[in-house]
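Here is the file start.pdb (PDB, C-alpha atoms, pLDDT in the B column).
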ATOM      1  CA  MET A   1      -3.821  -6.810  12.197  1.00 45.00           C
ATOM      2  CA  LYS A   2      -3.308  -9.647   9.752  1.00 49.00           C
ATOM      3  CA  LEU A   3      -2.046  -8.819   6.289  1.00 52.00           C
ATOM      4  CA  TRP A   4      -1.908 -12.306   4.872  1.00 52.00           C
ATOM      5  CA  PRO A   5      -3.885 -15.529   5.191  1.00 51.00           C
ATOM      6  CA  SER A   6      -2.003 -17.957   7.412  1.00 54.00           C
ATOM      7  CA  LYS A   7      -2.108 -20.680   4.739  1.00 61.00           C
ATOM      8  CA  LYS A   8       0.377 -18.858   2.514  1.00 74.00           C
ATOM      9  CA  LYS A   9       4.035 -19.584   3.261  1.00 86.00           C
ATOM     10  CA  LEU A  10       5.928 -16.321   3.372  1.00 90.00           C
ATOM     11  CA  PRO A  11       9.501 -15.931   2.119  1.00 95.00           C
ATOM     12  CA  GLU A  12      12.141 -16.390   4.812  1.00 94.00           C
ATOM     13  CA  GLU A  13      14.963 -13.964   5.540  1.00 94.00           C
ATOM     14  CA  GLY A  14      18.311 -15.652   4.945  1.00 95.00           C
ATOM     15  CA  LYS A  15      16.759 -18.322   2.736  1.00 97.00           C
ATOM     16  CA  ASP A  16      14.629 -16.475   0.181  1.00 97.00           C
ATOM     17  CA  TYR A  17      15.930 -12.912   0.622  1.00 97.00           C
ATOM     18  CA  GLU A  18      18.581 -10.945   2.472  1.00 96.00           C
ATOM     19  CA  PHE A  19      19.171  -7.340   3.425  1.00 93.00           C
ATOM     20  CA  LEU A  20      22.044  -5.374   1.888  1.00 92.00           C
ATOM     21  CA  ASP A  21      23.354  -2.028   3.075  1.00 83.00           C
ATOM     22  CA  MET A  22      23.208   0.574   0.347  1.00 75.00           C
ATOM     23  CA  ASP A  23      26.545   2.316  -0.272  1.00 70.00           C
ATOM     24  CA  GLY A  24      26.336   5.935   0.796  1.00 65.00           C
ATOM     25  CA  ALA A  25      22.680   5.745   1.798  1.00 62.00           C
ATOM     26  CA  GLU A  26      21.873   6.041   5.474  1.00 66.00           C
ATOM     27  CA  ARG A  27      18.870   4.128   6.781  1.00 69.00           C
ATOM     28  CA  ILE A  28      18.176   2.388   3.472  1.00 75.00           C
ATOM     29  CA  SER A  29      18.586  -1.332   3.027  1.00 86.00           C
ATOM     30  CA  ALA A  30      18.232  -3.094  -0.252  1.00 93.00           C
ATOM     31  CA  ILE A  31      16.842  -6.588  -0.587  1.00 96.00           C
ATOM     32  CA  ARG A  32      18.525  -9.279  -2.662  1.00 97.00           C
ATOM     33  CA  VAL A  33      16.318 -12.156  -3.785  1.00 98.00           C
ATOM     34  CA  LEU A  34      18.108 -15.422  -2.990  1.00 98.00           C
ATOM     35  CA  SER A  35      15.775 -18.037  -4.445  1.00 96.00           C
ATOM     36  CA  GLY A  36      13.219 -18.637  -7.153  1.00 96.00           C
ATOM     37  CA  LYS A  37      12.643 -17.070 -10.540  1.00 96.00           C
ATOM     38  CA  PHE A  38      13.899 -13.615  -9.485  1.00 97.00           C
ATOM     39  CA  LYS A  39      17.097 -14.806  -7.812  1.00 97.00           C
ATOM     40  CA  GLY A  40      19.783 -12.106  -7.992  1.00 97.00           C
ATOM     41  CA  VAL A  41      17.419  -9.131  -8.303  1.00 97.00           C
ATOM     42  CA  VAL A  42      18.232  -6.338  -5.836  1.00 96.00           C
ATOM     43  CA  TYR A  43      15.666  -3.662  -4.992  1.00 96.00           C
ATOM     44  CA  HIS A  44      14.594  -1.375  -2.184  1.00 94.00           C
ATOM     45  CA  TYR A  45      11.264  -0.029  -1.016  1.00 93.00           C
ATOM     46  CA  GLY A  46      10.362   3.626  -1.083  1.00 92.00           C
ATOM     47  CA  LYS A  47       7.220   4.869   0.639  1.00 92.00           C
ATOM     48  CA  VAL A  48       5.206   2.015   2.197  1.00 91.00           C
ATOM     49  CA  GLU A  49       1.618   2.369   3.432  1.00 90.00           C
ATOM     50  CA  VAL A  50      -0.666  -0.105   5.149  1.00 84.00           C
ATOM     51  CA  ILE A  51      -4.280   0.848   4.486  1.00 86.00           C
ATOM     52  CA  GLU A  52      -6.802  -0.652   6.874  1.00 84.00           C
ATOM     53  CA  GLU A  53     -10.216  -1.125   5.335  1.00 83.00           C
ATOM     54  CA  GLU A  54     -12.317  -4.293   5.212  1.00 83.00           C
ATOM     55  CA  LYS A  55      -9.078  -6.044   4.407  1.00 81.00           C
ATOM     56  CA  ALA A  56      -5.691  -4.514   5.060  1.00 78.00           C
ATOM     57  CA  ARG A  57      -3.737  -3.771   1.918  1.00 81.00           C
ATOM     58  CA  ILE A  58      -0.235  -2.552   1.239  1.00 84.00           C
ATOM     59  CA  THR A  59       0.872   0.073  -1.236  1.00 90.00           C
ATOM     60  CA  PHE A  60       4.520   0.857  -1.852  1.00 93.00           C
ATOM     61  CA  ASP A  61       7.064   2.385  -4.172  1.00 94.00           C
ATOM     62  CA  TYR A  62      10.165   0.431  -5.105  1.00 95.00           C
ATOM     63  CA  PHE A  63      13.427   0.943  -6.931  1.00 94.00           C
ATOM     64  CA  ILE A  64      15.406  -1.714  -8.810  1.00 95.00           C
ATOM     65  CA  ASP A  65      19.090  -1.506  -7.871  1.00 93.00           C
ATOM     66  CA  HIS A  66      20.260  -4.541  -9.889  1.00 95.00           C
ATOM     67  CA  GLU A  67      18.050  -6.417 -12.330  1.00 96.00           C
ATOM     68  CA  GLY A  68      19.919  -9.731 -12.097  1.00 94.00           C
ATOM     69  CA  SER A  69      19.384 -11.718 -15.296  1.00 95.00           C
ATOM     70  CA  PHE A  70      16.299  -9.688 -16.265  1.00 95.00           C
ATOM     71  CA  LYS A  71      15.872  -6.568 -18.301  1.00 94.00           C
ATOM     72  CA  LEU A  72      14.679  -3.658 -16.204  1.00 93.00           C
ATOM     73  CA  LYS A  73      11.538  -3.235 -18.329  1.00 93.00           C
ATOM     74  CA  ASP A  74      10.634  -6.908 -17.721  1.00 93.00           C
ATOM     75  CA  LEU A  75      10.572  -6.383 -13.941  1.00 96.00           C
ATOM     76  CA  HIS A  76       8.378  -3.296 -13.950  1.00 91.00           C
ATOM     77  CA  ASN A  77       4.678  -4.189 -13.982  1.00 85.00           C
ATOM     78  CA  ASN A  78       5.515  -7.892 -13.636  1.00 95.00           C
ATOM     79  CA  LYS A  79       2.703  -9.335 -11.512  1.00 95.00           C
ATOM     80  CA  LYS A  80       4.825 -12.236 -10.218  1.00 96.00           C
ATOM     81  CA  PHE A  81       7.621  -9.885  -9.167  1.00 97.00           C
ATOM     82  CA  ASP A  82       5.056  -7.551  -7.570  1.00 94.00           C
ATOM     83  CA  THR A  83       3.625 -10.496  -5.621  1.00 93.00           C
ATOM     84  CA  LEU A  84       7.104 -11.489  -4.455  1.00 96.00           C
ATOM     85  CA  MET A  85       7.813  -7.950  -3.231  1.00 95.00           C
ATOM     86  CA  VAL A  86       4.498  -7.918  -1.330  1.00 92.00           C
ATOM     87  CA  ASP A  87       5.255 -11.331   0.199  1.00 93.00           C
ATOM     88  CA  ILE A  88       8.719 -10.188   1.305  1.00 95.00           C
ATOM     89  CA  LEU A  89       7.298  -6.980   2.754  1.00 92.00           C
ATOM     90  CA  VAL A  90       4.647  -8.908   4.701  1.00 88.00           C
ATOM     91  CA  SER A  91       7.391 -11.256   5.922  1.00 91.00           C
ATOM     92  CA  ILE A  92       9.431  -8.259   7.111  1.00 89.00           C
ATOM     93  CA  PHE A  93       6.378  -6.837   8.898  1.00 84.00           C
ATOM     94  CA  ASP A  94       5.565 -10.222  10.397  1.00 83.00           C
ATOM     95  CA  ASN A  95       9.133 -10.808  11.598  1.00 82.00           C
ATOM     96  CA  ASN A  96       9.732  -7.327  12.934  1.00 77.00           C
ATOM     97  CA  VAL A  97       6.773  -5.023  13.423  1.00 68.00           C
ATOM     98  CA  PHE A  98       3.952  -7.402  14.330  1.00 56.00           C
ATOM     99  CA  LYS A  99       6.044  -9.595  16.652  1.00 57.00           C
ATOM    100  CA  LYS A 100       7.293  -6.505  18.524  1.00 54.00           C
ATOM    101  CA  GLU A 101       3.700  -5.253  18.864  1.00 49.00           C
ATOM    102  CA  LYS A 102       2.711  -8.654  20.286  1.00 49.00           C
ATOM    103  CA  GLU A 103       5.616  -8.538  22.759  1.00 50.00           C
ATOM    104  CA  ILE A 104       4.495  -5.078  23.883  1.00 45.00           C
ATOM    105  CA  ASP A 105       0.879  -6.282  24.224  1.00 46.00           C
ATOM    106  CA  ASP A 106       2.013  -9.355  26.188  1.00 46.00           C
ATOM    107  CA  GLU A 107       4.042  -7.167  28.550  1.00 48.00           C
ATOM    108  CA  SER A 108       1.097  -4.855  29.207  1.00 46.00           C
ATOM    109  CA  PHE A 109      -1.114  -7.773  30.284  1.00 43.00           C
ATOM    110  CA  ARG A 110       1.140  -9.207  32.980  1.00 45.00           C
ATOM    111  CA  ILE A 111      -0.683 -10.795  35.879  1.00 43.00           C
ATOM    112  CA  ILE A 112       0.042  -9.059  39.153  1.00 42.00           C
ATOM    113  CA  ASP A 113       0.007 -11.223  42.261  1.00 42.00           C
ATOM    114  CA  THR A 114      -1.933  -8.907  44.600  1.00 42.00           C
ATOM    115  CA  GLU A 115      -1.133 -11.042  47.634  1.00 44.00           C
ATOM    116  CA  LYS A 116       2.587 -10.322  47.255  1.00 43.00           C
ATOM    117  CA  SER A 117       2.307  -6.701  46.138  1.00 40.00           C
ATOM    118  CA  ASN A 118       1.732  -3.678  48.338  1.00 42.00           C
ATOM    119  CA  LEU A 119      -1.607  -2.826  46.717  1.00 41.00           C
TER     120      LEU A 119
END

Please go through the file and, once you have read it, give me the structure as structure tokens.
Amino acid sequence: MKLWPSKKKLPEEGKDYEFLDMDGAERISAIRVLSGKFKGVVYHYGKVEVIEEEKARITFDYFIDHEGSFKLKDLHNNKKFDTLMVDILVSIFDNNVFKKEKEIDDESFRIIDTEKSNL
């Protein structure tokens, strides 16, 4: 499944964003934006869904943990911030979920040398 055209450069972990552990919250990581217009904003995703139709699309909830130099109201319904969150989410999927699926697929298609096996 491809969620993004390959021509678009996705944000990079460690360069454009980083994960932060949330104090007192198990299994929740926040994301701090490290570069660009929204540098310093910290948020975390809530429910995330990938909907496969003609084109795959992502829906998600999010929570602002620190608004950086913005006012909270200026981040909500901000199309550029929404696009950044989608790009980061696709980057996370690409770096973690999709690459692991590919590794699993590659492992399941190993070539067996029938001359050396006991088949």

**Item:** Asp61 in chain A surroundings by only C-alpha atoms, 6 Å radius, close-in-sequence under 6 positions cut, as an NGL selection string
**Value:** :A and (45-47)

**Request:** Pick out the closest residue to Ser35 in chain A from this set: A:Asp87, A:Asp94, A:Glu12, A:Glu52. Count all atoms listed in the file.
**Result:**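 Closest candidate: A:Glu12.
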
**Message:** Given the point (15.0, -14.0, 6.5) in the file's coordinates, find the residues that have an atom at most 12 Å from it, counting all atoms listed in the file, and give them as a count of residues only.
**Reply:** 25

**Request:** Grab the CA of Gly36 in chain A to CA of Phe63 in chain A distance for me, in Å with one decimal place.
**Result:**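 Computing it gives 19.6 Å between the two atoms.
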
**Fill in**
Using all atoms listed in the file, the residue out of A:His66, A:Ser29, A:Lys9, A:Ala56 with shortest distance to Leu84 in chain A is A:Lys9

**Prompt:** Which value, in Å to one decimal, gives the distance between CA of Val86 in chain A and CA of Ser69 in chain A?
**Reply:**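 Those two atoms sit 20.8 Å apart.
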
**Request:** Find, counting all atoms listed in the file, the residue in A:Met85, A:Leu72, A:Asn77, A:Glu67 that gets nearest to Gly40 in chain A.
**Result:** A:Glu67

**Request:** Output the residue selection produced by the PyMOL selection byres ((chain A and resi 48) around 6) on the file above, formatted as a ChimeraX atom specification.
**Result:** /A:47,49,59-60

**Message:** Would you compute the distance between CA of Asp74 in chain A and CA of Val41 in chain A? Give it in Å to one decimal.
**Reply:**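 The value is 11.8 Å.
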
**Item:** Selected residue, from A:Leu20, A:Val42, A:Glu53, A:Asn78, that lies nearest to Asp65 in chain A when counting all atoms listed in the file
**Value:**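 Nearest candidate to Asp65 in chain A out of A:Leu20, A:Val42, A:Glu53, A:Asn78: A:Val42.
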